[in-house]
Amino acid sequence: MYRPQLTNAARPATVTIAAVNEHGEAVPTQIAGEHPLTLYLDKREIVTLMTLGGAPEALAIGYLRNQRLVERLEDIAAVQVDWETDSVAVTTTRSADDLEERMGKRTVTTGCGQGTMFGDLMEEIEKISLPAQASLDEATLHGLLDAVRHHESIYKQAGAVHGCALARGTEILMFVEDIGRHNAVDAIAGRMWLDGLSGEDKIFYTTGRLTSEMVIKTAQMGIPFLVSRSGLTQMGYDLARRTGMTMIGRAQGKHYLLFTGAERFVRSAAPVA
């Protein structure tokens with residue numbers, strides 16, 4: 001399987017500082033790292049992402065894929081991260097004219113950790129077809145929520161981050177945390193692409209809001225199930241309905257709200273107490 005030339009430049013996820021508690025005591029406290037990472041595509045500056053730096057190469061690849069700036073993994077020759085300059089340089093085999101065309105249309109959005117979503121994503125959403133035969137039962141949902149709750153995380157240590165998980169049933173295949181929820185989903189998209197993983201039998205979990213961008217990116221990965229402990233936006237709801245995605249929010253413990261895609265969801269025979 002093809003893989004571009006990659007650096008391995010992950011940074012520590014947390015740093016320790018001295019804080020003072022309510023008793024006036026100095027307490028060593030872990031806080032989430034935060035680093036600017038400017039993405040260059042064929043020497044052109046694209047965007048600056050605020051990131052933990054735990055998976056910078058996958059983040060860059062996933063961002064480019066989800067923004068449709070790179071169509072095929074084979075088009076990427078190298079991804080080189082340099083923390084001395086806080087930059088990641090992606091080199092491709094595509095022409096400069098092709099990049100100019102793709103950069104031509106963009107819309108400013110309210111994404112967490114990122115600032116732009118390119119306009120043609122909305123046009124391409126109509127082309128996405130999620131697997132109709134996939135199903136998710138209530139017991140599996142409860143098991144996944146329990147697995148996420150017990151998963152060791154930076155949030156438990158330091159807070160101030162968003163987390164995303166890719167799961168098959170109750171098994172967590174990947175768990176990524178970052179300053180912005182879109183950084184986390186892009187890093188998972190990048191890893192799925194690198195590892196050749198399909199999304200048809202997967203569940204995507206996020207701690208963040210179910211916005212239009214989260215729905216679009218989950219749909220682009222071919223994942224039919226999107227679950228969050230948080231709420232949703234109207235556009236996220238509308239796009240989930242349009243793509244046929246099963247979207248579940250406010251999911252904690254035994255509680256959840258099923259918003260869309262009820263035809264894929266199988267409830268337990270007995271109601272949950």
# chains A, B, ... in the order shown; residues from 1 in each chain; ligands from 1
$ residues_around --residues "Trp193 in chain A" --least-positions-apart "5" --cutoff "9 Å" --atoms "only C-alpha atoms" --output "NGL selection string"
:A and (61-62 or 65 or 73 or 188 or 198 or 221)
$ select_by_dssp --residues "range 137-225 of chain A" --states "strand (DSSP E or B)" --output "list of chain:residue names"
A:Asp137, A:His162, A:Gly163, A:Cys164, A:Ala165, A:Leu166, A:Ala167, A:Arg168, A:Glu171, A:Ile172, A:Leu173, A:Met174, A:Phe175, A:Val176, A:Glu177, A:Asp178, A:Ile203, A:Phe204, A:Tyr205, A:Thr206, A:Leu210, A:Phe225
$ residues_around --residues "range 165-177 of chain A" --least-positions-apart "6" --cutoff "8 Å" --atoms "only C-alpha atoms" --output "compact mmCIF listing (two decimals) with N, CA and C atoms, in the first residue's frame"
# COMPACT_ATOMS: atom_id res chain seq x y z
N LEU A 52 -2.65 20.11 19.33
CA LEU A 52 -1.83 19.50 20.36
C LEU A 52 -0.50 19.02 19.78
N THR A 140 -25.18 -1.95 21.71
CA THR A 140 -23.88 -1.56 21.19
C THR A 140 -23.59 -0.10 21.48
N LEU A 141 -24.60 0.75 21.32
CA LEU A 141 -24.43 2.17 21.63
C LEU A 141 -24.04 2.35 23.09
N GLY A 143 -22.62 0.19 25.04
CA GLY A 143 -21.28 -0.35 25.24
C GLY A 143 -20.20 0.60 24.75
N LEU A 144 -20.46 1.26 23.62
CA LEU A 144 -19.50 2.22 23.09
C LEU A 144 -19.35 3.41 24.03
N ALA A 147 -17.24 2.41 26.83
CA ALA A 147 -15.83 2.28 26.44
C ALA A 147 -15.16 3.64 26.34
N VAL A 148 -15.88 4.61 25.78
CA VAL A 148 -15.34 5.97 25.67
C VAL A 148 -15.14 6.56 27.06
N SER A 153 -7.64 9.57 28.69
CA SER A 153 -7.68 10.72 27.79
C SER A 153 -6.92 11.91 28.37
N ILE A 154 -6.52 12.78 27.48
CA ILE A 154 -5.89 14.04 27.89
C ILE A 154 -6.91 14.91 28.62
N ALA A 184 -9.27 16.90 15.32
CA ALA A 184 -9.34 15.49 15.72
C ALA A 184 -9.97 14.63 14.62
N VAL A 185 -11.07 15.11 14.02
CA VAL A 185 -11.72 14.32 12.97
C VAL A 185 -10.83 14.25 11.73
N ALA A 187 -7.55 14.25 11.72
CA ALA A 187 -6.46 13.31 12.00
C ALA A 187 -6.94 11.86 11.84
N ILE A 188 -8.17 11.58 12.28
CA ILE A 188 -8.71 10.23 12.10
C ILE A 188 -8.92 9.95 10.61
N ASP A 201 -18.70 0.09 8.18
CA ASP A 201 -19.10 -0.65 9.38
C ASP A 201 -18.61 0.03 10.65
N LYS A 202 -18.35 1.35 10.58
CA LYS A 202 -17.77 2.08 11.69
C LYS A 202 -18.78 3.05 12.32
N ILE A 203 -18.47 3.47 13.54
CA ILE A 203 -19.20 4.51 14.26
C ILE A 203 -18.21 5.62 14.57
N PHE A 204 -18.64 6.87 14.36
CA PHE A 204 -17.78 8.00 14.70
C PHE A 204 -18.35 8.69 15.93
N TYR A 205 -17.52 8.84 16.95
CA TYR A 205 -17.93 9.49 18.20
C TYR A 205 -17.16 10.79 18.38
N THR A 206 -17.84 11.84 18.81
CA THR A 206 -17.17 13.10 19.09
C THR A 206 -17.72 13.71 20.37
$ select_by_dssp --residues "range 1-242 of chain A" --states "alpha helix (DSSP H)" --output "VMD selection string"
chain A and resid 56 to 66 96 to 103 120 to 124 138 to 150 154 to 158 181 to 195 212 to 220 234 to 242
$ residues_around --residues "Ile76 in chain A" --least-positions-apart "4" --cutoff "8 Å" --atoms "only C-alpha atoms" --output "short mmCIF file (atom, residue, chain, number, x, y, z; two decimals) with C-alpha atoms, in the first residue's frame"
data_model
loop_
_atom_site.label_atom_id
_atom_site.label_comp_id
_atom_site.auth_asym_id
_atom_site.auth_seq_id
_atom_site.Cartn_x
_atom_site.Cartn_y
_atom_site.Cartn_z
CA PRO A 4 4.04 9.16 1.19
CA VAL A 70 -5.90 16.43 -2.70
CA ARG A 72 -5.63 10.66 -4.01
CA VAL A 90 3.10 18.92 1.89
CA THR A 91 4.59 18.23 -1.53
CA THR A 92 2.39 16.82 -4.28
CA THR A 93 2.67 15.78 -7.90
#
$ closest_residue --among "A:Glu74, A:Glu57, A:Asp178, A:Asp42" --to "Ala10 in chain A" --atoms "only C-alpha atoms"
A:Glu57
$ atom_distance --atom1 "CA of Arg191 in chain A" --atom2 "CA of Leu59 in chain A"
8.5 Å
$ residues_around --residues "Ala18 in chain A" --least-positions-apart "4" --cutoff "6 Å" --atoms "only C-alpha atoms" --output "ChimeraX atom specification"
/A:27-29
$ closest_residue --among "A:Asn66, A:His142, A:Gln157, A:Met1" --to "Thr16 in chain A" --atoms "only C-alpha atoms"
A:Gln157
$ atom_distance --atom1 "CA of Ala89 in chain A" --atom2 "CA of Leu39 in chain A"
6.2 Å
$ residues_around --residues "range 228-231 of chain A" --least-positions-apart "3" --cutoff "8 Å" --atoms "only C-alpha atoms" --output "list of chain:residue names"
A:Tyr205, A:Thr206, A:Thr207, A:Gly208, A:Arg209, A:Leu210, A:Ile248, A:Gly249, A:Arg250, A:Ala251, A:Gln252
$ atom_distance --atom1 "CA of Thr233 in chain A" --atom2 "CA of Gly33 in chain A"
28.6 Å
$ residues_around --residues "Met50 in chain A" --least-positions-apart "2" --cutoff "8 Å" --atoms "only C-alpha atoms" --output "PyMOL selection string"
chain A and resi 34-37+48+52+113-114+179-180
